[in-house]
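input_30.cif follows; it contains mmCIF, C-alpha atoms, pLDDT in the B column; chains and numbers go by the auth columns.
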data_coords
#
loop_
_atom_site.group_PDB
_atom_site.id
_atom_site.type_symbol
_atom_site.label_atom_id
_atom_site.label_comp_id
_atom_site.label_asym_id
_atom_site.label_seq_id
_atom_site.Cartn_x
_atom_site.Cartn_y
_atom_site.Cartn_z
_atom_site.B_iso_or_equiv
_atom_site.auth_seq_id
_atom_site.auth_asym_id
ATOM 1 C CA MET A 1 23.417 7.142 10.502 39.00 1 A
ATOM 2 C CA THR A 2 24.170 6.939 6.795 42.00 2 A
ATOM 3 C CA GLU A 3 24.086 10.016 4.585 48.00 3 A
ATOM 4 C CA ASN A 4 21.204 8.464 2.659 53.00 4 A
ATOM 5 C CA LEU A 5 19.150 8.156 5.833 54.00 5 A
ATOM 6 C CA LYS A 6 19.930 11.760 6.753 78.00 6 A
ATOM 7 C CA ASP A 7 18.647 12.780 3.307 89.00 7 A
ATOM 8 C CA PHE A 8 15.445 10.767 3.895 91.00 8 A
ATOM 9 C CA ASP A 9 15.030 12.381 7.296 96.00 9 A
ATOM 10 C CA SER A 10 15.381 15.900 5.886 96.00 10 A
ATOM 11 C CA MET A 11 13.044 15.186 2.984 96.00 11 A
ATOM 12 C CA CYS A 12 10.369 13.597 5.165 97.00 12 A
ATOM 13 C CA LEU A 13 10.604 16.240 7.880 98.00 13 A
ATOM 14 C CA THR A 14 10.261 18.943 5.221 97.00 14 A
ATOM 15 C CA ALA A 15 7.086 17.176 4.072 98.00 15 A
ATOM 16 C CA ALA A 16 5.755 17.225 7.664 98.00 16 A
ATOM 17 C CA ILE A 17 6.515 20.943 7.914 98.00 17 A
ATOM 18 C CA GLU A 18 4.634 21.486 4.650 98.00 18 A
ATOM 19 C CA GLU A 19 1.676 19.641 6.197 98.00 19 A
ATOM 20 C CA SER A 20 1.807 22.152 9.069 98.00 20 A
ATOM 21 C CA ARG A 21 1.596 25.012 6.548 98.00 21 A
ATOM 22 C CA GLN A 22 -1.384 23.343 4.892 98.00 22 A
ATOM 23 C CA SER A 23 -2.989 22.860 8.302 98.00 23 A
ATOM 24 C CA VAL A 24 -2.931 26.630 8.848 97.00 24 A
ATOM 25 C CA ARG A 25 -4.368 27.215 5.356 97.00 25 A
ATOM 26 C CA ASN A 26 -7.165 24.790 6.305 98.00 26 A
ATOM 27 C CA GLY A 27 -7.987 26.810 9.438 97.00 27 A
ATOM 28 C CA ASN A 28 -6.174 24.704 12.029 97.00 28 A
ATOM 29 C CA HIS A 29 -3.121 24.947 14.261 96.00 29 A
ATOM 30 C CA PRO A 30 0.315 24.747 12.566 97.00 30 A
ATOM 31 C CA PHE A 31 1.172 21.079 13.031 98.00 31 A
ATOM 32 C CA GLY A 32 1.746 18.314 10.498 98.00 32 A
ATOM 33 C CA ALA A 33 3.143 14.798 10.405 98.00 33 A
ATOM 34 C CA VAL A 34 4.053 12.080 7.928 98.00 34 A
ATOM 35 C CA LEU A 35 4.791 8.369 8.230 98.00 35 A
ATOM 36 C CA ALA A 36 7.584 6.847 6.153 98.00 36 A
ATOM 37 C CA ASP A 37 8.802 3.308 5.655 97.00 37 A
ATOM 38 C CA LYS A 38 12.412 2.298 6.263 94.00 38 A
ATOM 39 C CA GLU A 39 13.366 3.325 2.701 91.00 39 A
ATOM 40 C CA GLY A 40 12.067 6.852 3.291 90.00 40 A
ATOM 41 C CA ASN A 41 8.921 6.476 1.183 95.00 41 A
ATOM 42 C CA ILE A 42 6.108 8.592 2.603 97.00 42 A
ATOM 43 C CA LEU A 43 3.126 6.350 3.261 98.00 43 A
ATOM 44 C CA LEU A 44 0.686 8.672 5.026 98.00 44 A
ATOM 45 C CA HIS A 45 0.328 12.293 6.025 98.00 45 A
ATOM 46 C CA ALA A 46 -1.866 14.153 8.504 98.00 46 A
ATOM 47 C CA GLN A 47 -2.540 17.617 9.798 98.00 47 A
ATOM 48 C CA ASN A 48 -3.934 19.146 12.931 98.00 48 A
ATOM 49 C CA THR A 49 -7.766 19.165 12.851 98.00 49 A
ATOM 50 C CA VAL A 50 -8.537 20.579 16.297 96.00 50 A
ATOM 51 C CA VAL A 51 -10.467 23.598 14.980 96.00 51 A
ATOM 52 C CA THR A 52 -12.194 22.280 11.862 97.00 52 A
ATOM 53 C CA GLU A 53 -13.331 19.027 13.466 97.00 53 A
ATOM 54 C CA ASP A 54 -13.953 20.589 16.888 96.00 54 A
ATOM 55 C CA ASP A 55 -11.867 17.800 18.428 96.00 55 A
ATOM 56 C CA ALA A 56 -9.306 18.560 21.115 93.00 56 A
ATOM 57 C CA THR A 57 -7.544 15.275 20.275 96.00 57 A
ATOM 58 C CA GLY A 58 -7.160 16.149 16.589 97.00 58 A
ATOM 59 C CA HIS A 59 -3.401 16.638 16.753 98.00 59 A
ATOM 60 C CA ALA A 60 -1.461 15.774 13.601 98.00 60 A
ATOM 61 C CA GLU A 61 0.496 12.894 15.136 98.00 61 A
ATOM 62 C CA THR A 62 -2.567 11.325 16.747 98.00 62 A
ATOM 63 C CA ASN A 63 -4.521 11.667 13.488 98.00 63 A
ATOM 64 C CA LEU A 64 -1.608 10.026 11.661 98.00 64 A
ATOM 65 C CA MET A 65 -1.296 7.158 14.131 98.00 65 A
ATOM 66 C CA ARG A 66 -5.051 6.480 13.895 98.00 66 A
ATOM 67 C CA LYS A 67 -4.735 6.149 10.107 98.00 67 A
ATOM 68 C CA ALA A 68 -1.593 4.045 10.361 98.00 68 A
ATOM 69 C CA SER A 69 -3.018 1.587 12.882 98.00 69 A
ATOM 70 C CA ARG A 70 -6.016 0.970 10.621 98.00 70 A
ATOM 71 C CA LEU A 71 -3.875 0.320 7.554 98.00 71 A
ATOM 72 C CA TYR A 72 -0.759 -1.464 8.817 98.00 72 A
ATOM 73 C CA ASP A 73 0.034 -4.130 11.373 97.00 73 A
ATOM 74 C CA LYS A 74 2.252 -3.444 14.364 95.00 74 A
ATOM 75 C CA ASP A 75 5.195 -5.472 12.990 97.00 75 A
ATOM 76 C CA PHE A 76 5.334 -3.238 9.922 98.00 76 A
ATOM 77 C CA LEU A 77 4.833 -0.030 11.921 98.00 77 A
ATOM 78 C CA GLU A 78 7.811 -0.939 14.112 97.00 78 A
ATOM 79 C CA THR A 79 9.997 -0.472 11.005 97.00 79 A
ATOM 80 C CA CYS A 80 8.551 2.973 10.171 98.00 80 A
ATOM 81 C CA THR A 81 9.426 6.508 11.215 98.00 81 A
ATOM 82 C CA ILE A 82 7.031 9.295 12.124 98.00 82 A
ATOM 83 C CA TYR A 83 8.141 12.780 11.138 98.00 83 A
ATOM 84 C CA SER A 84 6.478 15.607 13.033 98.00 84 A
ATOM 85 C CA SER A 85 6.752 19.325 12.428 98.00 85 A
ATOM 86 C CA ALA A 86 6.950 19.815 16.217 98.00 86 A
ATOM 87 C CA GLU A 87 7.888 17.681 19.188 98.00 87 A
ATOM 88 C CA PRO A 88 4.881 15.498 20.029 97.00 88 A
ATOM 89 C CA CYS A 89 2.870 16.323 23.126 95.00 89 A
ATOM 90 C CA VAL A 90 2.146 13.754 25.823 95.00 90 A
ATOM 91 C CA MET A 91 -1.023 12.544 24.070 96.00 91 A
ATOM 92 C CA CYS A 92 0.691 12.199 20.712 97.00 92 A
ATOM 93 C CA SER A 93 3.688 10.481 22.292 97.00 93 A
ATOM 94 C CA GLY A 94 1.251 7.963 23.740 97.00 94 A
ATOM 95 C CA ALA A 95 -0.336 7.418 20.325 98.00 95 A
ATOM 96 C CA ILE A 96 3.096 6.800 18.807 98.00 96 A
ATOM 97 C CA TYR A 97 3.932 4.341 21.576 97.00 97 A
ATOM 98 C CA TRP A 98 0.647 2.423 21.392 97.00 98 A
ATOM 99 C CA THR A 99 0.825 2.189 17.600 97.00 99 A
ATOM 100 C CA GLY A 100 4.266 0.628 17.773 97.00 100 A
ATOM 101 C CA VAL A 101 6.347 3.071 15.738 98.00 101 A
ATOM 102 C CA LYS A 102 9.897 2.946 17.070 96.00 102 A
ATOM 103 C CA ARG A 103 11.455 6.020 15.469 98.00 103 A
ATOM 104 C CA LEU A 104 10.520 9.706 15.629 98.00 104 A
ATOM 105 C CA VAL A 105 12.094 12.732 13.958 98.00 105 A
ATOM 106 C CA TYR A 106 10.724 16.157 14.852 98.00 106 A
ATOM 107 C CA GLY A 107 11.335 19.779 13.900 98.00 107 A
ATOM 108 C CA LEU A 108 10.314 22.338 16.522 97.00 108 A
ATOM 109 C CA SER A 109 11.164 21.547 20.157 96.00 109 A
ATOM 110 C CA GLU A 110 8.550 21.736 22.914 92.00 110 A
ATOM 111 C CA THR A 111 10.670 24.402 24.620 91.00 111 A
ATOM 112 C CA THR A 112 10.718 26.621 21.532 92.00 112 A
ATOM 113 C CA LEU A 113 7.006 26.024 20.918 91.00 113 A
ATOM 114 C CA PHE A 114 6.179 27.065 24.478 88.00 114 A
ATOM 115 C CA ALA A 115 8.227 30.246 24.044 87.00 115 A
ATOM 116 C CA LEU A 116 6.252 31.029 20.877 86.00 116 A
ATOM 117 C CA THR A 117 2.806 30.284 22.300 85.00 117 A
ATOM 118 C CA GLY A 118 3.240 31.803 25.749 76.00 118 A
ATOM 119 C CA ASP A 119 -0.101 31.931 27.519 75.00 119 A
ATOM 120 C CA ASP A 120 -2.201 31.413 24.372 69.00 120 A
ATOM 121 C CA PRO A 121 -5.073 29.161 25.520 72.00 121 A
ATOM 122 C CA ALA A 122 -5.056 27.454 22.113 70.00 122 A
ATOM 123 C CA ASN A 123 -1.880 25.611 23.164 72.00 123 A
ATOM 124 C CA GLU A 124 -2.240 24.462 26.751 71.00 124 A
ATOM 125 C CA THR A 125 0.893 22.393 26.672 73.00 125 A
ATOM 126 C CA LEU A 126 1.944 20.085 29.481 76.00 126 A
ATOM 127 C CA GLN A 127 5.612 20.976 28.910 81.00 127 A
ATOM 128 C CA LEU A 128 6.740 17.373 29.096 88.00 128 A
ATOM 129 C CA PRO A 129 9.326 16.412 26.461 94.00 129 A
ATOM 130 C CA CYS A 130 8.557 13.290 24.442 96.00 130 A
ATOM 131 C CA ARG A 131 11.878 11.761 25.446 97.00 131 A
ATOM 132 C CA GLU A 132 10.708 11.881 29.051 95.00 132 A
ATOM 133 C CA VAL A 133 7.436 10.149 28.133 95.00 133 A
ATOM 134 C CA PHE A 134 9.229 7.472 26.110 97.00 134 A
ATOM 135 C CA LYS A 135 11.772 6.938 28.885 96.00 135 A
ATOM 136 C CA HIS A 136 8.962 5.309 30.856 95.00 136 A
ATOM 137 C CA SER A 137 7.798 3.009 28.060 92.00 137 A
ATOM 138 C CA ARG A 138 8.375 -0.724 27.737 92.00 138 A
ATOM 139 C CA ARG A 139 10.254 -0.442 24.456 91.00 139 A
ATOM 140 C CA THR A 140 12.856 1.859 23.026 95.00 140 A
ATOM 141 C CA ILE A 141 11.720 4.639 20.724 97.00 141 A
ATOM 142 C CA GLU A 142 14.530 6.447 18.937 97.00 142 A
ATOM 143 C CA VAL A 143 14.026 10.220 19.003 98.00 143 A
ATOM 144 C CA ILE A 144 15.854 12.639 16.713 97.00 144 A
ATOM 145 C CA GLY A 145 15.249 16.337 17.065 97.00 145 A
ATOM 146 C CA PRO A 146 14.993 19.167 17.018 97.00 146 A
ATOM 147 C CA MET A 147 15.943 19.160 13.347 95.00 147 A
ATOM 148 C CA LEU A 148 15.244 21.896 10.748 96.00 148 A
ATOM 149 C CA GLU A 149 13.936 23.902 13.711 96.00 149 A
ATOM 150 C CA GLU A 150 14.118 27.320 12.034 96.00 150 A
ATOM 151 C CA GLU A 151 12.040 26.061 9.097 97.00 151 A
ATOM 152 C CA ALA A 152 9.515 24.471 11.465 97.00 152 A
ATOM 153 C CA GLU A 153 9.383 27.602 13.637 96.00 153 A
ATOM 154 C CA ALA A 154 8.668 29.871 10.655 97.00 154 A
ATOM 155 C CA VAL A 155 5.212 28.295 10.241 97.00 155 A
ATOM 156 C CA HIS A 156 4.296 29.399 13.789 95.00 156 A
ATOM 157 C CA GLU A 157 5.402 33.018 13.405 91.00 157 A
ATOM 158 C CA GLY A 158 2.431 35.325 13.946 89.00 158 A
ATOM 159 C CA PHE A 159 0.015 32.448 14.617 92.00 159 A
ATOM 160 C CA TRP A 160 -0.027 32.425 18.430 86.00 160 A
ATOM 161 C CA LYS A 161 -1.001 35.208 20.834 79.00 161 A
ATOM 162 C CA PRO A 162 1.671 35.039 23.564 58.00 162 A
#

Please re-express this file's structure in structure tokens.
Amino acid sequence: MTENLKDFDSMCLTAAIEESRQSVRNGNHPFGAVLADKEGNILLHAQNTVVTEDDATGHAETNLMRKASRLYDKDFLETCTIYSSAEPCVMCSGAIYWTGVKRLVYGLSETTLFALTGDDPANETLQLPCREVFKHSRRTIEVIGPMLEEEAEAVHEGFWKP
């Protein structure tokens, strides 16, 4: 990976983490995501909307992939990267796969998230890493993470009731 790409990854992941902060300010769970093109330009952003839209599927990555699939064709999306403040759950991994994005960079790992949330019913995780989900897909999805995990974790501090 070139240094320039690493800089793009850090910048875009920081933007996704900022979306997670905004999600909390908006009354939702601390998750955010952004979509960037191959040059690192942020095209779209999304937050968790589970609480405010009363929608259990309103995860940041799924919300982002819904927007992306309406605006861009699959050939273009294959060249993009999704940046997520936390490792995508099974549902969100599926949304990434079905949309066609072939590269994912995430902040907080599922393992760390589970340790933070404990038995909080607001995060009934399936504890299945996205790499495991993607391992069973028909195309390769590059996964980078955890990255900037301490920064991503800070947004969750005090939010969950373990």

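Once Lys102 of chain A and its same-chain neighbours fewer than 6 positions away are set aside, Glu78, Thr79, Thr81, Thr140, Ile141 and Glu142 of chain A remain within 7 Å of it when counting all atoms listed in the file.
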
| request: Within 12 Å of Ser10 of chain A, counting all atoms listed in the file, which residues show up once you throw out same-chain ones fewer than 6 positions away? Write them as a PyMOL selection string, please. | output: chain A and resi 3-4+16-17+36+40+83-85+105-107+144-149+151-152

Residues just named, written with C-alpha atoms as a PDB file, in the coordinates of the input:
ATOM      1  CA  GLU A   3      24.086  10.016   4.585  1.00 48.00           C
ATOM      2  CA  ASN A   4      21.204   8.464   2.659  1.00 53.00           C
ATOM      3  CA  ALA A  16       5.755  17.225   7.664  1.00 98.00           C
ATOM      4  CA  ILE A  17       6.515  20.943   7.914  1.00 98.00           C
ATOM      5  CA  ALA A  36       7.584   6.847   6.153  1.00 98.00           C
ATOM      6  CA  GLY A  40      12.067   6.852   3.291  1.00 90.00           C
ATOM      7  CA  TYR A  83       8.141  12.780  11.138  1.00 98.00           C
ATOM      8  CA  SER A  84       6.478  15.607  13.033  1.00 98.00           C
ATOM      9  CA  SER A  85       6.752  19.325  12.428  1.00 98.00           C
ATOM     10  CA  VAL A 105      12.094  12.732  13.958  1.00 98.00           C
ATOM     11  CA  TYR A 106      10.724  16.157  14.852  1.00 98.00           C
ATOM     12  CA  GLY A 107      11.335  19.779  13.900  1.00 98.00           C
ATOM     13  CA  ILE A 144      15.854  12.639  16.713  1.00 97.00           C
ATOM     14  CA  GLY A 145      15.249  16.337  17.065  1.00 97.00           C
ATOM     15  CA  PRO A 146      14.993  19.167  17.018  1.00 97.00           C
ATOM     16  CA  MET A 147      15.943  19.160  13.347  1.00 95.00           C
ATOM     17  CA  LEU A 148      15.244  21.896  10.748  1.00 96.00           C
ATOM     18  CA  GLU A 149      13.936  23.902  13.711  1.00 96.00           C
ATOM     19  CA  GLU A 151      12.040  26.061   9.097  1.00 97.00           C
ATOM     20  CA  ALA A 152       9.515  24.471  11.465  1.00 97.00           C
TER      21      ALA A 152
END

| Glu19 of chain A environment, 10 Å, only C-alpha atoms, sequence neighbours closer than 3 positions dropped, as a ChimeraX atom specification | /A:13-16,22-25,30-34,45-48,60,84-85

| request: Work out how far atom CA of Lys38 of chain A is from atom CA of Cys80 of chain A, in Å to one decimal. | output: 5.5 Å

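Taking all atoms listed in the file into account, Ile82 of chain A lies nearest to A:Arg103 out of the set A:Lys6, A:Lys135, A:Arg103, A:Arg21.
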
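Counting only C-alpha atoms and comparing A:His29, A:Glu61, A:Leu35, A:Asp7, the residue that lies closest to Glu157 of chain A is A:His29.
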
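Nearest residue to Cys89 of chain A among A:Ser69, A:Asn123, A:Ser137, A:Thr117 is A:Asn123, counting only C-alpha atoms.
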
| task | In Å, rounded to a single decimal, give me how far atom CA of Ala154 of chain A is from atom CA of Gln127 of chain A. | result | 20.5 Å

| note | Judged by only C-alpha atoms, the minimum distance to Ala95 of chain A among A:Met65, A:Leu77, A:Ala115, A:Leu108 is found for A:Met65

| request: Can you turn the PyMOL selection byres ((chain A and resi 57) around 12) into a concrete residue list for this file, as a PyMOL selection string? | output: chain A and resi 47-56+58-66+89-92+94-95

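When all atoms listed in the file are used to compute distances to Ser20 of chain A, the closest of the residues A:Phe134, A:Thr99, A:Lys74, A:Ala86 turns out to be A:Ala86.
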
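The space separating atom CA of Cys130 of chain A from atom CA of Ser93 of chain A comes to 6.0 Å.
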
Report the centre and edge lengths, in Å to one decimal, of an axis-aligned box enclosing every atom of segment 7-10 of chain A listed in the file, padded by 5 Å on each side, as AutoDock Vina command-line options.
--center_x 16.8 --center_y 13.3 --center_z 5.3 --size_x 13.6 --size_y 15.1 --size_z 14.0

| field | Distance query 12 Å from (8.9, 30.9, 21.5) using all atoms listed in the file, result as a PyMOL selection string | value | chain A and resi 108-120+149-150+152-154+156-162

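For the set A:Ala122, A:Arg138, A:Val155, A:Leu104, the residue with the smallest atom-to-atom gap to Glu18 of chain A is A:Val155, counting all atoms listed in the file.
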
Where atoms are missing, can you supply N, CA and C atoms for segment 94-120 of chain A and output the lot as an mmCIF file, keeping the file's coordinate frame?
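The resulting out.cif:
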data_model
loop_
_atom_site.group_PDB
_atom_site.id
_atom_site.type_symbol
_atom_site.label_atom_id
_atom_site.label_comp_id
_atom_site.auth_asym_id
_atom_site.auth_seq_id
_atom_site.Cartn_x
_atom_site.Cartn_y
_atom_site.Cartn_z
ATOM 1 N N GLY A 94 1.970 9.189 23.402
ATOM 2 C CA GLY A 94 1.251 7.963 23.740
ATOM 3 C C GLY A 94 0.721 7.263 22.505
ATOM 4 N N ALA A 95 0.175 8.019 21.561
ATOM 5 C CA ALA A 95 -0.336 7.418 20.325
ATOM 6 C C ALA A 95 0.787 6.746 19.540
ATOM 7 N N ILE A 96 1.937 7.386 19.500
ATOM 8 C CA ILE A 96 3.096 6.800 18.807
ATOM 9 C C ILE A 96 3.493 5.504 19.496
ATOM 10 N N TYR A 97 3.564 5.533 20.802
ATOM 11 C CA TYR A 97 3.932 4.341 21.576
ATOM 12 C C TYR A 97 2.937 3.205 21.341
ATOM 13 N N TRP A 98 1.656 3.481 21.497
ATOM 14 C CA TRP A 98 0.647 2.423 21.392
ATOM 15 C C TRP A 98 0.538 1.864 19.978
ATOM 16 N N THR A 99 0.877 2.667 18.983
ATOM 17 C CA THR A 99 0.825 2.189 17.600
ATOM 18 C C THR A 99 2.013 1.301 17.268
ATOM 19 N N GLY A 100 3.115 1.496 17.965
ATOM 20 C CA GLY A 100 4.266 0.628 17.773
ATOM 21 C C GLY A 100 5.417 1.219 16.982
ATOM 22 N N VAL A 101 5.261 2.441 16.485
ATOM 23 C CA VAL A 101 6.347 3.071 15.738
ATOM 24 C C VAL A 101 7.530 3.251 16.683
ATOM 25 N N LYS A 102 8.715 2.920 16.201
ATOM 26 C CA LYS A 102 9.897 2.946 17.070
ATOM 27 C C LYS A 102 10.890 4.056 16.747
ATOM 28 N N ARG A 103 10.525 4.954 15.834
ATOM 29 C CA ARG A 103 11.455 6.020 15.469
ATOM 30 C C ARG A 103 10.677 7.292 15.190
ATOM 31 N N LEU A 104 11.151 8.399 15.760
ATOM 32 C CA LEU A 104 10.520 9.706 15.629
ATOM 33 C C LEU A 104 11.575 10.738 15.273
ATOM 34 N N VAL A 105 11.262 11.577 14.303
ATOM 35 C CA VAL A 105 12.094 12.732 13.958
ATOM 36 C C VAL A 105 11.178 13.947 14.013
ATOM 37 N N TYR A 106 11.575 14.975 14.764
ATOM 38 C CA TYR A 106 10.724 16.157 14.852
ATOM 39 C C TYR A 106 11.507 17.429 14.570
ATOM 40 N N GLY A 107 10.748 18.487 14.220
ATOM 41 C CA GLY A 107 11.335 19.779 13.900
ATOM 42 C C GLY A 107 11.438 20.688 15.112
ATOM 43 N N LEU A 108 10.350 21.335 15.464
ATOM 44 C CA LEU A 108 10.314 22.338 16.522
ATOM 45 C C LEU A 108 10.276 21.684 17.898
ATOM 46 N N SER A 109 11.146 22.123 18.808
ATOM 47 C CA SER A 109 11.164 21.547 20.157
ATOM 48 C C SER A 109 9.999 22.079 20.980
ATOM 49 N N GLU A 110 9.612 21.322 21.986
ATOM 50 C CA GLU A 110 8.550 21.736 22.914
ATOM 51 C C GLU A 110 8.938 23.041 23.607
ATOM 52 N N THR A 111 10.194 23.191 23.954
ATOM 53 C CA THR A 111 10.670 24.402 24.620
ATOM 54 C C THR A 111 10.487 25.625 23.729
ATOM 55 N N THR A 112 10.864 25.509 22.472
ATOM 56 C CA THR A 112 10.718 26.621 21.532
ATOM 57 C C THR A 112 9.234 26.901 21.276
ATOM 58 N N LEU A 113 8.442 25.843 21.126
ATOM 59 C CA LEU A 113 7.006 26.024 20.918
ATOM 60 C C LEU A 113 6.384 26.777 22.088
ATOM 61 N N PHE A 114 6.733 26.397 23.300
ATOM 62 C CA PHE A 114 6.179 27.065 24.478
ATOM 63 C C PHE A 114 6.573 28.543 24.491
ATOM 64 N N ALA A 115 7.791 28.848 24.099
ATOM 65 C CA ALA A 115 8.227 30.246 24.044
ATOM 66 C C ALA A 115 7.418 31.025 23.006
ATOM 67 N N LEU A 116 7.040 30.374 21.923
ATOM 68 C CA LEU A 116 6.252 31.029 20.877
ATOM 69 C C LEU A 116 4.800 31.222 21.289
ATOM 70 N N THR A 117 4.232 30.247 21.978
ATOM 71 C CA THR A 117 2.806 30.284 22.300
ATOM 72 C C THR A 117 2.511 31.046 23.583
ATOM 73 N N GLY A 118 3.460 31.090 24.491
ATOM 74 C CA GLY A 118 3.240 31.803 25.749
ATOM 75 C C GLY A 118 1.990 31.327 26.455
ATOM 76 N N ASP A 119 1.130 32.251 26.798
ATOM 77 C CA ASP A 119 -0.101 31.931 27.519
ATOM 78 C C ASP A 119 -1.300 31.732 26.598
ATOM 79 N N ASP A 120 -1.091 31.595 25.302
ATOM 80 C CA ASP A 120 -2.201 31.413 24.372
ATOM 81 C C ASP A 120 -2.992 30.163 24.770
#
